[in-house]
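Next up, start.pdb (PDB, C-alpha atoms and all ligand atoms):
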ATOM      1  CA  MET S 688      -2.402  -4.143  27.554
ATOM      2  CA  SER S 689      -0.954  -1.718  25.006
ATOM      3  CA  LYS S 690      -3.368   0.683  23.342
ATOM      4  CA  ILE S 691      -2.820   0.584  19.574
ATOM      5  CA  LEU S 692      -3.911   3.433  17.326
ATOM      6  CA  ILE S 693      -4.352   2.678  13.615
ATOM      7  CA  THR S 694      -4.437   5.667  11.270
ATOM      8  CA  GLY S 695      -6.205   4.988   7.984
ATOM      9  CA  GLY S 696      -8.309   2.494   9.931
ATOM     10  CA  THR S 697     -11.011   2.151   7.270
ATOM     11  CA  GLY S 698      -8.639   1.751   4.316
ATOM     12  CA  LEU S 699      -7.482  -1.507   2.747
ATOM     13  CA  VAL S 700      -4.658  -2.088   5.253
ATOM     14  CA  GLY S 701      -6.288  -0.569   8.341
ATOM     15  CA  SER S 702      -9.506  -2.547   7.977
ATOM     16  CA  SER S 703      -7.548  -5.826   7.743
ATOM     17  CA  LEU S 704      -5.759  -5.333  11.090
ATOM     18  CA  GLU S 705      -7.228  -6.799  14.276
ATOM     19  CA  PHE S 706      -5.800  -6.177  17.739
ATOM     20  CA  ASP S 707      -7.243  -6.164  21.241
ATOM     21  CA  ASN S 708      -7.493  -2.631  22.621
ATOM     22  CA  CYS S 709      -7.183  -0.900  19.299
ATOM     23  CA  VAL S 710      -8.640   2.368  17.997
ATOM     24  CA  LYS S 711      -9.105   2.728  14.250
ATOM     25  CA  LEU S 712      -9.152   6.275  12.940
ATOM     26  CA  SER S 713     -10.761   7.422   9.714
ATOM     27  CA  SER S 714     -10.604  10.805   8.002
ATOM     28  CA  LYS S 715     -13.998  11.546   9.636
ATOM     29  CA  ASP S 716     -12.376  11.443  13.095
ATOM     30  CA  CYS S 717      -9.498  13.779  12.311
ATOM     31  CA  ASP S 718      -7.905  15.557   9.364
ATOM     32  CA  LEU S 719      -4.323  14.386   9.834
ATOM     33  CA  ARG S 720      -3.123  17.050   7.385
ATOM     34  CA  ASP S 721      -4.021  19.568  10.099
ATOM     35  CA  THR S 722      -1.257  19.845  12.698
ATOM     36  CA  GLN S 723      -3.325  21.138  15.627
ATOM     37  CA  GLN S 724      -6.145  18.622  15.090
ATOM     38  CA  THR S 725      -3.597  15.817  14.999
ATOM     39  CA  TYR S 726      -1.791  16.905  18.177
ATOM     40  CA  LYS S 727      -5.135  17.288  19.985
ATOM     41  CA  LEU S 728      -6.287  13.847  18.981
ATOM     42  CA  PHE S 729      -3.048  12.155  20.019
ATOM     43  CA  GLU S 730      -3.100  14.004  23.345
ATOM     44  CA  SER S 731      -6.615  12.777  24.056
ATOM     45  CA  LEU S 732      -5.960   9.169  22.973
ATOM     46  CA  LYS S 733      -2.380   8.768  24.242
ATOM     47  CA  PRO S 734      -1.709   5.502  22.377
ATOM     48  CA  ASP S 735       1.175   3.192  23.306
ATOM     49  CA  LYS S 736       1.735   2.078  19.726
ATOM     50  CA  VAL S 737       0.713   3.501  16.356
ATOM     51  CA  ILE S 738       0.286   1.712  13.041
ATOM     52  CA  HIS S 739       0.370   4.511  10.515
ATOM     53  CA  CYS S 740      -1.482   3.511   7.334
ATOM     54  CA  ALA S 741      -3.272   6.806   6.561
ATOM     55  CA  ALA S 742      -2.213   8.269   3.218
ATOM     56  CA  LYS S 743      -3.563   9.755   0.043
ATOM     57  CA  VAL S 744      -3.172   6.730  -2.236
ATOM     58  CA  GLY S 745      -4.137   5.867  -5.785
ATOM     59  CA  GLY S 746      -3.088   4.175  -8.974
ATOM     60  CA  VAL S 747      -0.800   5.290 -11.738
ATOM     61  CA  LEU S 748      -3.167   7.763 -13.448
ATOM     62  CA  SER S 749      -4.303   9.460 -10.255
ATOM     63  CA  ASN S 750      -0.652   9.864  -9.139
ATOM     64  CA  MET S 751       0.110  11.583 -12.440
ATOM     65  CA  ALA S 752      -2.969  13.838 -12.405
ATOM     66  CA  TYR S 753      -2.811  15.128  -8.816
ATOM     67  CA  LYS S 754       0.913  15.477  -8.130
ATOM     68  CA  GLY S 755       0.570  18.474  -5.814
ATOM     69  CA  ASP S 756      -2.100  16.806  -3.692
ATOM     70  CA  TYR S 757      -0.126  13.575  -3.432
ATOM     71  CA  TYR S 758       2.902  15.488  -2.208
ATOM     72  CA  HIS S 759       1.146  17.902   0.128
ATOM     73  CA  ASP S 760      -1.368  15.577   1.749
ATOM     74  CA  ASN S 761       1.149  12.828   2.373
ATOM     75  CA  ILE S 762       3.986  15.010   3.640
ATOM     76  CA  MET S 763       1.603  16.790   6.050
ATOM     77  CA  ILE S 764      -0.036  13.579   7.316
ATOM     78  CA  ASN S 765       3.312  11.871   7.869
ATOM     79  CA  THR S 766       5.017  14.837   9.519
ATOM     80  CA  ASN S 767       2.067  15.405  11.860
ATOM     81  CA  VAL S 768       1.583  11.756  12.838
ATOM     82  CA  LEU S 769       5.237  11.151  13.680
ATOM     83  CA  GLU S 770       5.653  14.437  15.552
ATOM     84  CA  ALA S 771       2.391  13.921  17.495
ATOM     85  CA  SER S 772       3.572  10.395  18.362
ATOM     86  CA  ARG S 773       6.885  11.725  19.621
ATOM     87  CA  ARG S 774       5.185  14.441  21.699
ATOM     88  CA  VAL S 775       2.889  12.035  23.534
ATOM     89  CA  GLY S 776       5.625   9.420  24.010
ATOM     90  CA  VAL S 777       4.325   6.654  21.721
ATOM     91  CA  LYS S 778       6.546   3.609  22.330
ATOM     92  CA  ARG S 779       6.562   2.297  18.779
ATOM     93  CA  VAL S 780       5.319   3.604  15.417
ATOM     94  CA  LEU S 781       5.103   1.303  12.412
ATOM     95  CA  SER S 782       4.576   3.277   9.191
ATOM     96  CA  PHE S 783       3.581   1.990   5.763
ATOM     97  CA  LEU S 784       5.681   2.997   2.767
ATOM     98  CA  SER S 785       5.402   1.553  -0.763
ATOM     99  CA  THR S 786       7.884   0.033  -3.223
ATOM    100  CA  CYS S 787       7.400   3.079  -5.439
ATOM    101  CA  VAL S 788       9.800   4.867  -3.038
ATOM    102  CA  PHE S 789      12.709   3.130  -4.738
ATOM    103  CA  PRO S 790      14.885   4.710  -7.436
ATOM    104  CA  LYS S 791      13.917   4.210 -11.034
ATOM    105  CA  ASP S 792      17.423   3.431 -12.300
ATOM    106  CA  ILE S 793      18.920   0.952  -9.898
ATOM    107  CA  ASP S 794      20.159  -2.649  -9.947
ATOM    108  CA  TYR S 795      17.396  -5.141  -9.260
ATOM    109  CA  PRO S 796      16.198  -6.607  -7.029
ATOM    110  CA  LEU S 797      15.246  -3.659  -4.839
ATOM    111  CA  THR S 798      16.539  -4.005  -1.296
ATOM    112  CA  GLU S 799      15.822  -1.919   1.779
ATOM    113  CA  ASP S 800      19.207  -0.151   1.669
ATOM    114  CA  LYS S 801      18.628   1.277  -1.850
ATOM    115  CA  MET S 802      15.713   3.567  -0.998
ATOM    116  CA  HIS S 803      17.544   6.884  -1.302
ATOM    117  CA  ASP S 804      20.054   5.960  -4.020
ATOM    118  CA  GLY S 805      18.457   7.849  -6.931
ATOM    119  CA  ALA S 806      15.297   9.575  -8.186
ATOM    120  CA  PRO S 807      11.997   7.645  -8.193
ATOM    121  CA  HIS S 808       9.977   7.044 -11.391
ATOM    122  CA  GLU S 809       8.406  10.268 -12.749
ATOM    123  CA  ALA S 810       4.872   8.754 -12.709
ATOM    124  CA  HIS S 811       4.740   8.852  -8.905
ATOM    125  CA  TYR S 812       7.697  10.930  -7.642
ATOM    126  CA  PRO S 813       5.649  13.276  -5.362
ATOM    127  CA  TYR S 814       4.108  10.317  -3.504
ATOM    128  CA  ALA S 815       7.453   8.514  -3.461
ATOM    129  CA  TYR S 816       9.381  11.433  -1.965
ATOM    130  CA  ALA S 817       6.690  12.071   0.665
ATOM    131  CA  LYS S 818       6.854   8.387   1.642
ATOM    132  CA  ARG S 819      10.679   8.402   1.670
ATOM    133  CA  MET S 820      10.503  11.199   4.241
ATOM    134  CA  LEU S 821       8.749   8.830   6.649
ATOM    135  CA  ASP S 822      11.959   6.821   6.665
ATOM    136  CA  ILE S 823      14.049   9.971   7.157
ATOM    137  CA  GLN S 824      11.824  11.343   9.943
ATOM    138  CA  SER S 825      11.778   7.967  11.712
ATOM    139  CA  ARG S 826      15.559   7.692  11.495
ATOM    140  CA  ALA S 827      16.140  11.302  12.633
ATOM    141  CA  TYR S 828      13.776  10.882  15.611
ATOM    142  CA  ARG S 829      15.454   7.620  16.550
ATOM    143  CA  GLU S 830      18.869   9.288  16.493
ATOM    144  CA  GLN S 831      17.881  12.520  18.281
ATOM    145  CA  TYR S 832      15.112  11.371  20.632
ATOM    146  CA  GLY S 833      15.543   7.593  20.803
ATOM    147  CA  CYS S 834      12.068   7.010  19.291
ATOM    148  CA  ASP S 835      11.374   3.432  18.222
ATOM    149  CA  PHE S 836       9.836   4.342  14.855
ATOM    150  CA  ILE S 837      10.081   1.775  12.040
ATOM    151  CA  SER S 838       8.626   1.368   8.565
ATOM    152  CA  VAL S 839       7.528  -1.429   6.260
ATOM    153  CA  ILE S 840       7.401  -1.430   2.471
ATOM    154  CA  PRO S 841       4.658  -3.562   0.918
ATOM    155  CA  VAL S 842       4.466  -4.271  -2.819
ATOM    156  CA  ASN S 843       1.109  -3.749  -4.634
ATOM    157  CA  LEU S 844      -1.658  -4.671  -2.186
ATOM    158  CA  TYR S 845      -5.053  -6.112  -3.024
ATOM    159  CA  GLY S 846      -7.961  -7.764  -1.261
ATOM    160  CA  PRO S 847     -11.435  -7.235   0.195
ATOM    161  CA  ASN S 848     -12.308  -3.643   1.252
ATOM    162  CA  ASP S 849     -10.107  -2.136  -1.471
ATOM    163  CA  ASN S 850     -11.081   0.960  -3.434
ATOM    164  CA  PHE S 851     -12.763  -0.135  -6.689
ATOM    165  CA  ASN S 852     -13.086   3.339  -8.227
ATOM    166  CA  LEU S 853     -12.031   3.133 -11.859
ATOM    167  CA  GLU S 854     -10.141   6.423 -11.971
ATOM    168  CA  ASN S 855      -8.040   6.311  -8.824
ATOM    169  CA  SER S 856      -7.796   2.676  -7.767
ATOM    170  CA  HIS S 857      -4.840   0.337  -8.211
ATOM    171  CA  VAL S 858      -4.690  -2.241 -10.967
ATOM    172  CA  ALA S 859      -6.059  -5.339  -9.187
ATOM    173  CA  PRO S 860      -9.317  -3.810  -7.888
ATOM    174  CA  ALA S 861      -9.800  -1.873 -11.157
ATOM    175  CA  LEU S 862      -9.469  -5.014 -13.268
ATOM    176  CA  ILE S 863     -11.712  -7.054 -10.946
ATOM    177  CA  ARG S 864     -14.475  -4.479 -11.307
ATOM    178  CA  LYS S 865     -13.957  -4.021 -15.058
ATOM    179  CA  CYS S 866     -14.001  -7.740 -15.748
ATOM    180  CA  TYR S 867     -17.116  -8.314 -13.625
ATOM    181  CA  GLU S 868     -18.981  -5.433 -15.284
ATOM    182  CA  ALA S 869     -17.837  -6.577 -18.765
ATOM    183  CA  LYS S 870     -19.261 -10.012 -17.951
ATOM    184  CA  ILE S 871     -22.662  -8.847 -16.688
ATOM    185  CA  ASN S 872     -23.070  -6.173 -19.406
ATOM    186  CA  ASN S 873     -21.619  -8.260 -22.229
ATOM    187  CA  THR S 874     -19.111  -5.510 -23.103
ATOM    188  CA  PRO S 875     -15.305  -5.589 -23.696
ATOM    189  CA  PHE S 876     -12.941  -5.856 -20.718
ATOM    190  CA  VAL S 877     -10.715  -2.771 -21.069
ATOM    191  CA  VAL S 878      -7.183  -2.922 -19.646
ATOM    192  CA  TRP S 879      -4.953   0.186 -19.445
ATOM    193  CA  GLY S 880      -1.584   0.268 -21.179
ATOM    194  CA  THR S 881       0.142  -2.612 -22.930
ATOM    195  CA  GLY S 882      -0.315  -5.342 -20.312
ATOM    196  CA  LYS S 883       3.455  -5.853 -20.377
ATOM    197  CA  PRO S 884       4.591  -4.259 -17.083
ATOM    198  CA  TYR S 885       5.343  -6.517 -14.141
ATOM    199  CA  ARG S 886       4.281  -6.036 -10.556
ATOM    200  CA  GLU S 887       4.570  -7.974  -7.309
ATOM    201  CA  PHE S 888       1.285  -8.397  -5.477
ATOM    202  CA  ILE S 889       0.583  -9.208  -1.847
ATOM    203  CA  TYR S 890      -2.762 -10.282  -0.386
ATOM    204  CA  ILE S 891      -4.098  -8.123   2.392
ATOM    205  CA  LYS S 892      -4.484 -11.079   4.789
ATOM    206  CA  ASP S 893      -0.729 -11.722   4.467
ATOM    207  CA  ILE S 894      -0.105  -8.042   5.212
ATOM    208  CA  ALA S 895      -2.218  -8.313   8.385
ATOM    209  CA  LYS S 896      -0.134 -11.270   9.630
ATOM    210  CA  LEU S 897       3.199  -9.677   8.728
ATOM    211  CA  THR S 898       2.206  -6.373  10.348
ATOM    212  CA  ALA S 899       1.233  -8.066  13.613
ATOM    213  CA  TRP S 900       4.538  -9.959  13.642
ATOM    214  CA  THR S 901       6.594  -6.850  12.864
ATOM    215  CA  LEU S 902       4.892  -4.663  15.458
ATOM    216  CA  GLU S 903       5.651  -7.149  18.226
ATOM    217  CA  ASN S 904       8.908  -8.766  17.175
ATOM    218  CA  TYR S 905      10.958  -6.751  14.703
ATOM    219  CA  GLN S 906      14.081  -5.471  16.432
ATOM    220  CA  ASP S 907      15.971  -4.032  13.448
ATOM    221  CA  LYS S 908      16.032  -0.258  12.928
ATOM    222  CA  GLY S 909      15.762  -0.060   9.146
ATOM    223  CA  PRO S 910      12.701  -0.624   6.917
ATOM    224  CA  LEU S 911      11.440  -4.061   5.920
ATOM    225  CA  ILE S 912      10.023  -5.017   2.491
ATOM    226  CA  PHE S 913       6.882  -7.203   2.488
ATOM    227  CA  THR S 914       6.913  -9.308  -0.688
ATOM    228  CA  SER S 915       6.886 -12.867  -1.978
ATOM    229  CA  SER S 916       9.312 -11.607  -4.676
ATOM    230  CA  ILE S 917       7.114 -13.204  -7.369
ATOM    231  CA  GLU S 918       6.634 -10.941 -10.384
ATOM    232  CA  THR S 919       3.410 -11.158 -12.402
ATOM    233  CA  SER S 920       2.721  -9.349 -15.649
ATOM    234  CA  ILE S 921      -0.474  -7.337 -15.997
ATOM    235  CA  ASN S 922      -1.377  -9.773 -18.811
ATOM    236  CA  GLU S 923      -1.145 -12.699 -16.382
ATOM    237  CA  LEU S 924      -3.238 -10.813 -13.826
ATOM    238  CA  VAL S 925      -5.885 -10.195 -16.510
ATOM    239  CA  GLU S 926      -6.000 -13.941 -17.241
ATOM    240  CA  ILE S 927      -6.341 -14.868 -13.560
ATOM    241  CA  ILE S 928      -9.223 -12.427 -13.082
ATOM    242  CA  ALA S 929     -10.950 -13.466 -16.329
ATOM    243  CA  LYS S 930     -10.782 -17.099 -15.180
ATOM    244  CA  CYS S 931     -12.353 -16.260 -11.790
ATOM    245  CA  PHE S 932     -15.390 -14.703 -13.486
ATOM    246  CA  SER S 933     -15.408 -17.256 -16.359
ATOM    247  CA  PHE S 934     -15.100 -14.269 -18.693
ATOM    248  CA  ASP S 935     -14.599 -15.293 -22.303
ATOM    249  CA  GLY S 936     -15.501 -11.982 -24.008
ATOM    250  CA  LYS S 937     -13.235  -9.468 -25.726
ATOM    251  CA  ILE S 938     -10.178  -8.049 -23.905
ATOM    252  CA  VAL S 939      -9.017  -4.620 -25.157
ATOM    253  CA  PHE S 940      -5.721  -2.894 -24.281
ATOM    254  CA  ASP S 941      -6.121   0.889 -24.168
ATOM    255  CA  LYS S 942      -2.606   2.009 -25.088
ATOM    256  CA  SER S 943      -3.483   5.683 -24.599
ATOM    257  CA  MET S 944      -3.338   4.968 -20.843
ATOM    258  CA  PRO S 945      -0.014   4.889 -18.962
ATOM    259  CA  ASP S 946       2.022   1.767 -18.217
ATOM    260  CA  GLY S 947       3.963   3.522 -15.437
ATOM    261  CA  GLN S 948       7.157   1.849 -14.277
ATOM    262  CA  TYR S 949       7.981  -1.298 -16.290
ATOM    263  CA  ARG S 950       9.178  -3.432 -13.361
ATOM    264  CA  LYS S 951      10.044  -2.982  -9.689
ATOM    265  CA  PRO S 952      11.170  -6.432  -8.516
ATOM    266  CA  SER S 953      12.014  -6.441  -4.826
ATOM    267  CA  SER S 954      13.875  -8.787  -2.521
ATOM    268  CA  ASN S 955      12.360 -10.662   0.412
ATOM    269  CA  LYS S 956      15.731 -11.787   1.694
ATOM    270  CA  LYS S 957      15.563  -9.590   4.788
ATOM    271  CA  LEU S 958      11.936 -10.546   5.492
ATOM    272  CA  LEU S 959      12.689 -14.260   5.238
ATOM    273  CA  SER S 960      15.744 -13.866   7.447
ATOM    274  CA  HIS S 961      13.264 -12.826  10.169
ATOM    275  CA  ILE S 962      10.287 -15.089   9.294
ATOM    276  CA  PRO S 963      11.779 -17.961   7.287
ATOM    277  CA  ASP S 964       8.659 -20.111   7.096
ATOM    278  CA  PHE S 965       6.095 -17.446   6.224
ATOM    279  CA  GLU S 966       3.581 -18.833   3.722
ATOM    280  CA  PHE S 967       2.321 -16.316   1.187
ATOM    281  CA  THR S 968      -1.160 -16.668  -0.273
ATOM    282  CA  SER S 969      -0.857 -17.436  -3.984
ATOM    283  CA  LEU S 970      -2.089 -14.719  -6.341
ATOM    284  CA  GLU S 971      -4.655 -17.174  -7.756
ATOM    285  CA  ASP S 972      -6.151 -17.876  -4.306
ATOM    286  CA  GLY S 973      -6.069 -14.250  -3.155
ATOM    287  CA  ILE S 974      -7.664 -12.963  -6.349
ATOM    288  CA  ALA S 975     -10.324 -15.713  -6.237
ATOM    289  CA  GLU S 976     -11.281 -14.737  -2.652
ATOM    290  CA  THR S 977     -11.332 -11.047  -3.595
ATOM    291  CA  CYS S 978     -13.493 -11.651  -6.698
ATOM    292  CA  GLU S 979     -15.938 -13.696  -4.627
ATOM    293  CA  TRP S 980     -16.094 -10.965  -1.973
ATOM    294  CA  PHE S 981     -16.498  -8.260  -4.654
ATOM    295  CA  GLN S 982     -19.354 -10.103  -6.365
ATOM    296  CA  LYS S 983     -21.217 -10.508  -3.063
ATOM    297  CA  LYS S 984     -20.697  -6.892  -2.003
ATOM    298  CA  TYR S 985     -20.992  -5.321  -5.454
ATOM    299  CA  GLU S 986     -23.694  -2.807  -4.478
ATOM    300  CA  THR S 987     -21.836  -1.465  -1.447
ATOM    301  CA  VAL S 988     -18.098  -1.669  -2.274
ATOM    302  CA  ARG S 989     -16.066   1.575  -2.361
ATOM    303  CA  LYS S 990     -16.391   2.793  -5.924
TER     304      LYS S 990
HETATM  305  O1  LIG S1001      -1.681  -0.359  -9.718
HETATM  306  P1  LIG S1001      -1.256   0.743 -10.614
HETATM  307  O2  LIG S1001      -2.218   1.816 -10.864
HETATM  308  O3  LIG S1001       0.015   1.437 -10.054
HETATM  309  O4  LIG S1001      -0.870   0.175 -12.083
HETATM  310  P2  LIG S1001       1.597   1.231 -10.104
HETATM  311  C1  LIG S1001      -0.084  -0.939 -12.326
HETATM  312  C2  LIG S1001      -0.081  -1.298 -13.794
HETATM  313  O5  LIG S1001      -1.371  -1.779 -14.152
HETATM  314  C3  LIG S1001       0.251  -0.176 -14.802
HETATM  315  C4  LIG S1001      -1.767  -1.254 -15.394
HETATM  316  O6  LIG S1001       1.134  -0.708 -15.756
HETATM  317  C5  LIG S1001      -1.104   0.122 -15.449
HETATM  318  O7  LIG S1001      -0.985   0.541 -16.779
HETATM  319  N1  LIG S1001      -3.230  -1.222 -15.500
HETATM  320  C6  LIG S1001      -3.972  -1.922 -16.411
HETATM  321  C7  LIG S1001      -4.076  -0.522 -14.718
HETATM  322  N2  LIG S1001      -5.258  -1.638 -16.274
HETATM  323  C8  LIG S1001      -5.373  -0.788 -15.228
HETATM  324  C9  LIG S1001      -6.492  -0.154 -14.610
HETATM  325  O8  LIG S1001      -7.647  -0.311 -14.983
HETATM  326  N3  LIG S1001      -6.228   0.647 -13.523
HETATM  327  C10 LIG S1001      -4.942   0.845 -13.047
HETATM  328  N4  LIG S1001      -4.754   1.639 -11.996
HETATM  329  N5  LIG S1001      -3.862   0.295 -13.671
HETATM  330  C11 LIG S1001       1.382   2.771  -8.077
HETATM  331  C12 LIG S1001       1.937   4.117  -7.707
HETATM  332  O9  LIG S1001       2.049   2.409  -9.188
HETATM  333  O10 LIG S1001       1.626   1.777  -7.130
HETATM  334  C13 LIG S1001       1.559   4.483  -6.360
HETATM  335  O11 LIG S1001       1.500   5.064  -8.660
HETATM  336  C14 LIG S1001       1.694   3.331  -5.362
HETATM  337  O12 LIG S1001       2.317   5.577  -5.983
HETATM  338  C15 LIG S1001       1.162   2.033  -5.885
HETATM  339  O13 LIG S1001       3.033   3.165  -5.001
HETATM  340  C16 LIG S1001       1.446   0.837  -5.003
HETATM  341  O14 LIG S1001       2.037  -0.069  -9.536
HETATM  342  O15 LIG S1001       2.106   1.567 -11.454
END
Please, can you express the file's structure as C-alpha cells?
Amino acid sequence: MSKILITGGTGLVGSSLEFDNCVKLSSKDCDLRDTQQTYKLFESLKPDKVIHCAAKVGGVLSNMAYKGDYYHDNIMINTNVLEASRRVGVKRVLSFLSTCVFPKDIDYPLTEDKMHDGAPHEAHYPYAYAKRMLDIQSRAYREQYGCDFISVIPVNLYGPNDNFNLENSHVAPALIRKCYEAKINNTPFVVWGTGKPYREFIYIKDIAKLTAWTLENYQDKGPLIFTSSIETSINELVEIIAKCFSFDGKIVFDKSMPDGQYRKPSSNKKLLSHIPDFEFTSLEDGIAETCEWFQKKYETVRK
C-alpha cells in the first residue's frame, strides 16, 4: 500500500483528508522553509505520494500586511517540498494552489490555461506568484525528470477546523465567528468592506472527495480547478450566516477595510469533464454544518 505524506496536515485541507497509511505533518514536525530539515525528513519518511497543502495562508488583510512573509515562506516551502520529493523518488505530488494565482485583468471565467497570462491582483500578488511557481516547478520537473507532479486550484475554502482568527482568517470563518459573538454579546455584526465582492466557495468535505479522486485517477498533466462555479456575494454570505445563528441584530459594513478583488469567477468545465456527476454541497448546507461545529467547539477552535 502506498505511503502518503500530507504536508500542512493539521490545517483546514490536511485535517479533512483521510487515507490508509498516511502521515500528516505539522509545522511542529518540520520547518519546511528550511531546506536541510525538509530533505532530512523526506529521506527518513520516503513517501510514495505527497499531498502538499502546507502554506502560509490568510485573508485579504493579512496578505496585504505581510507581503514579504507570504512570498518568502511560500516560495521556500514549495521549492523545498518539490525538490525533496524529486530527490527521494516520490511517485506523485499533488499540490494545492488557489484561484488568486490568476491574472487580475483577464476574460472570465478563469480557466486552467490562463494562470500565467497577466499580473495577479495587487492585494495578494506575493502569495499568488509563489503559488504560480508550484505550477512552473511541477512542469519543469515533469519535463526534465519525468516527475508526476500535478496541482489543483480550489476556490475559497471553508469548513470545520478552519482558522477563526479575526485578523488573518478568510471571510467565511471570520464572519461565522463575528456573527456568533455579536449574537451572544448583543453587539453589531461587523463585516469588512462593502459586501459587494463575489467569491466562489467550496466546502472542505467536497475538497476531501475531489482530492482523493484526483490523487488516484487524474491523468492530465496540467492543473485542475475545484469549483462549483457558483458565485456568491459577501452580502449573501452574511445573510446565510445570520440565518444559521438566528441573528437579527445590527449589521455594519466597515468600509475602511479592503474589498480585495471584486470577482474571480472560475470554470469547472475541466473538472466536470473528469467527474461529470460530482455533487457539490450547497453553501447553505456547508455553512450550517460549519456554524453548528463552531458553536460546539467555540472554546477550543483555532482563533
Ligand atoms: O476571504 P478573504 O479574506 O480573501 O476576503 P480573498 C474575501 C472578501 O470578504 C473581501 C470580505 O471582499 C473582504 O472584504 N470580508 C468581509 C472579509 N468581512 C470580512 C472579514 O471579517 N474577514 C475577511 N478576511 N474578509 C484571499 C487571498 O483573497 O483568498 C489569499 O488574499 C487566498 O491569497 C484566499 O488566495 C483564498 O478571497 O479576497
Nearby polymer residues, ligand LIG 1001 (chain S), at most 8 Å, only C-alpha atoms and all ligand atoms, as number ranges by chain
S: 744-751, 785-788, 810-812, 814-815, 842-844, 853-862, 865, 877-886, 921, 944-949
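Minimum atom-to-atom distances from S:Tyr890, S:Phe783, S:Phe789, S:Phe706 to Thr914 of chain S were compared using all atoms listed in the file, and the lowest value belongs to S:Tyr890.
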What residues have an atom no more than 12 Å from (-5.5, -0.6, 5.7) in the file's own frame, counting only C-alpha atoms, and can you write them as a PyMOL selection string?
chain S and resi 693-705+711-713+738-744+782-783+841+844-850+890-892+894-895+898
Which residues would end up in the selection if the PyMOL selection byres (((chain S and resi 908) around 9) and not hetatm) were applied here, given that I need the answer as a PyMOL selection string?
chain S and resi 826+829+835-838+905-907+909-910
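The residues caught by the PyMOL selection byres (((chain S and resi 985) around 12) and not hetatm) in this file are Pro847, Asn848, Asn850, Phe851, Ile863, Arg864, Lys865, Tyr867, Glu868, Ile871, Thr977, Cys978, Glu979, Trp980, Phe981, Gln982, Lys983, Lys984, Glu986, Thr987, Val988, Arg989 and Lys990 of chain S.
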Taking C-alpha atoms for each residue, export the selection above as an mmCIF file, keeping the file's coordinate frame.
data_model
loop_
_atom_site.group_PDB
_atom_site.id
_atom_site.type_symbol
_atom_site.label_atom_id
_atom_site.label_comp_id
_atom_site.auth_asym_id
_atom_site.auth_seq_id
_atom_site.Cartn_x
_atom_site.Cartn_y
_atom_site.Cartn_z
ATOM 1 C CA PRO S 847 -11.435 -7.235 0.195
ATOM 2 C CA ASN S 848 -12.308 -3.643 1.252
ATOM 3 C CA ASN S 850 -11.081 0.960 -3.434
ATOM 4 C CA PHE S 851 -12.763 -0.135 -6.689
ATOM 5 C CA ILE S 863 -11.712 -7.054 -10.946
ATOM 6 C CA ARG S 864 -14.475 -4.479 -11.307
ATOM 7 C CA LYS S 865 -13.957 -4.021 -15.058
ATOM 8 C CA TYR S 867 -17.116 -8.314 -13.625
ATOM 9 C CA GLU S 868 -18.981 -5.433 -15.284
ATOM 10 C CA ILE S 871 -22.662 -8.847 -16.688
ATOM 11 C CA THR S 977 -11.332 -11.047 -3.595
ATOM 12 C CA CYS S 978 -13.493 -11.651 -6.698
ATOM 13 C CA GLU S 979 -15.938 -13.696 -4.627
ATOM 14 C CA TRP S 980 -16.094 -10.965 -1.973
ATOM 15 C CA PHE S 981 -16.498 -8.260 -4.654
ATOM 16 C CA GLN S 982 -19.354 -10.103 -6.365
ATOM 17 C CA LYS S 983 -21.217 -10.508 -3.063
ATOM 18 C CA LYS S 984 -20.697 -6.892 -2.003
ATOM 19 C CA GLU S 986 -23.694 -2.807 -4.478
ATOM 20 C CA THR S 987 -21.836 -1.465 -1.447
ATOM 21 C CA VAL S 988 -18.098 -1.669 -2.274
ATOM 22 C CA ARG S 989 -16.066 1.575 -2.361
ATOM 23 C CA LYS S 990 -16.391 2.793 -5.924
#
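Candidate residues S:Lys957, S:Lys754, S:Lys733, S:Lys791 were compared for distance to Ala771 of chain S, and the nearest is S:Lys733, using all atoms listed in the file.
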Please measure the separation of atom CA of Gly805 of chain S and atom CA of Tyr758 of chain S, giving the value in Å to one decimal.
18.0 Å
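Here atom CA of Tyr828 of chain S is placed at a distance of 18.1 Å from atom CA of Thr725 of chain S.
Here atom CA of Gly973 of chain S is placed at a distance of 14.2 Å from atom CA of Glu923 of chain S.
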Need the neighbours of (6.8, 0.8, 16.6): which residues are at most 7 Å away, counting only C-alpha atoms, as a list of chain:residue names?
S:Lys736, S:Val737, S:Lys778, S:Arg779, S:Val780, S:Leu781, S:Asp835, S:Phe836, S:Ile837, S:Leu902
Explicit residue set for the PyMOL selection byres (((chain S and resi 708) around 8) and not hetatm), as a list in words:
Met688, Ser689, Lys690, Ile691, Phe706, Asp707, Cys709 and Val710 of chain S
Quick one: segment 774-779 of chain S with N, CA, C and O atoms, as a PDB file, keeping the file's coordinate frame?
ATOM      1  N   ARG S 774       5.596  13.552  20.594  1.00  0.00           N
ATOM      2  CA  ARG S 774       5.185  14.441  21.699  1.00  0.00           C
ATOM      3  C   ARG S 774       4.475  13.701  22.815  1.00  0.00           C
ATOM      4  O   ARG S 774       4.624  14.058  23.980  1.00  0.00           O
ATOM      5  N   VAL S 775       3.631  12.721  22.464  1.00  0.00           N
ATOM      6  CA  VAL S 775       2.889  12.035  23.534  1.00  0.00           C
ATOM      7  C   VAL S 775       3.607  10.767  23.996  1.00  0.00           C
ATOM      8  O   VAL S 775       3.063   9.993  24.774  1.00  0.00           O
ATOM      9  N   GLY S 776       4.819  10.540  23.503  1.00  0.00           N
ATOM     10  CA  GLY S 776       5.625   9.420  24.010  1.00  0.00           C
ATOM     11  C   GLY S 776       5.193   8.046  23.521  1.00  0.00           C
ATOM     12  O   GLY S 776       5.293   7.060  24.276  1.00  0.00           O
ATOM     13  N   VAL S 777       4.699   7.965  22.273  1.00  0.00           N
ATOM     14  CA  VAL S 777       4.325   6.654  21.721  1.00  0.00           C
ATOM     15  C   VAL S 777       5.566   5.749  21.713  1.00  0.00           C
ATOM     16  O   VAL S 777       6.649   6.176  21.313  1.00  0.00           O
ATOM     17  N   LYS S 778       5.380   4.497  22.171  1.00  0.00           N
ATOM     18  CA  LYS S 778       6.546   3.609  22.330  1.00  0.00           C
ATOM     19  C   LYS S 778       7.044   3.087  20.992  1.00  0.00           C
ATOM     20  O   LYS S 778       8.238   2.872  20.805  1.00  0.00           O
ATOM     21  N   ARG S 779       6.132   2.811  20.082  1.00  0.00           N
ATOM     22  CA  ARG S 779       6.562   2.297  18.779  1.00  0.00           C
ATOM     23  C   ARG S 779       5.598   2.777  17.696  1.00  0.00           C
ATOM     24  O   ARG S 779       4.379   2.709  17.868  1.00  0.00           O
TER      25      ARG S 779
END
